[in-house]
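> Mind having a look at this structure? Questions to follow.
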Amino acid sequence: MAKYSLKINGKTQQVDVDPSTPILWVLRDHLNMPGTKFGCGMAQCGACTVHLDGNAVRSCSLPVSAVGKSAITTIEGLSANGTHPVQKAWLEHDVAQCGYCQSGQIMSASALLKSNPNPTDEEIDAYMSGNICRCGTYLRIKEAIKTAAKK
């Protein structure tokens, strides 16, 4: 076990965990932050996406020992009350069906718009291709991203 001081959603959190513990499990099991979901455990589905210094990363494959002083943002920290433009656009376009992948989808979409405020359809498709939605709401996801880009 090792002690880590992590900056998560603007607050410093202390954890004592094995250095190889993925951030996903630090968030869910040690810090009671269940918004980040477990999907595949192999960084291929995107359900576990969080931001590390503003970049979308898969938390299921990121060991706590690799975080260092980087800031982590989870779905809980994207906005205090669901008013982030991507969250609002998700509701406007009724994106979620089962909802399981949505926190990862939203975190990826918000990172995309931060780095590219006006993406083309092709750029949206390429960036979001690592996020799987078993319900198949890809067209609504794309429309929501385009709506959020206008705000």
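The way I read the labels, and the way they are meant: chains A, B, ... in the order of the structure tokens, residue 1 as the first residue of every chain, and ligand 1 as the first ligand shown, with later ones counted on from there.
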Dump as CSV the rows for residues of range 93-115 of chain A within 12 Å of range 48-54 of chain A: closest atom pair and distance in Å with one decimal, only C-alpha atoms counted, ordered by chain and rising residue number.


residue,atom,partner,partner_atom,distance
A:Tyr100,CA,A:Cys48,CA,10.1
A:Cys101,CA,A:Cys48,CA,8.2
A:Gln102,CA,A:Cys48,CA,9.8
A:Ser103,CA,A:Thr49,CA,7.5
A:Gly104,CA,A:Thr49,CA,4.6
A:Gln105,CA,A:Thr49,CA,7.6
A:Ile106,CA,A:Thr49,CA,8.7
A:Met107,CA,A:Val50,CA,6.0
A:Ser108,CA,A:Thr49,CA,6.7
A:Ala109,CA,A:Thr49,CA,10.3
A:Ser110,CA,A:Gly54,CA,9.1
A:Ala111,CA,A:Gly54,CA,6.4
A:Leu112,CA,A:Gly54,CA,9.7
A:Leu113,CA,A:Gly54,CA,10.8
A:Lys114,CA,A:Gly54,CA,8.0
A:Ser115,CA,A:Gly54,CA,8.9

> Need to verify the contact set: range 65-77 of chain A, 10 Å, only C-alpha atoms, exclusion of same-chain residues closer than 2 positions in sequence. Can you return it as an MDAnalysis selection string?

chainID A and resid 2:12 17:24 27 33:37 48:57 59 62:63 79:82 87 102:107

> Return as a list in words the full set of residues in range 10-101 of chain A whose backbone-based DSSP assignment is strand (DSSP E or B).

Lys11, Thr12, Gln13, Gln14, Val15, Asp16, Val17, Pro22, Thr49, Val50, His51, Leu52, Asn55, Ala56, Val57, Arg58, Pro63, Ala71, Ile72 and Thr73 of chain A

> I need the helix (DSSP H, G or I) residues of range 9-139 of chain A per DSSP on the backbone, written as a ChimeraX atom specification.

/A:23-30,59-61,64-66,75-78,85-92,102-115,121-128,138-139

> Would you work out the distance separating CA of Ala89 in chain A from CA of Lys150 in chain A, expressed in Å to one decimal?

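Distance between the two atoms: 10.1 Å.
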
> Just checking: using only C-alpha atoms, which residue out of A:Ile132, A:Thr120, A:Arg28, A:Pro85 ends up closest to Cys40 in chain A?

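When distances to Cys40 in chain A are compared using only C-alpha atoms, the smallest one comes from A:Ile132.
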
> What lies within 12 Å of Leu139 in chain A using only C-alpha atoms, ignoring chain neighbours under 5 positions off, as a VMD selection string?

chain A and resid 90 93 to 96 121 124 to 125 128 133 144 to 146

> When you draw a straight line from CA of Lys88 in chain A to CA of Arg58 in chain A, how long is it in Å?

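Between these atoms lies a distance of 23.2 Å.
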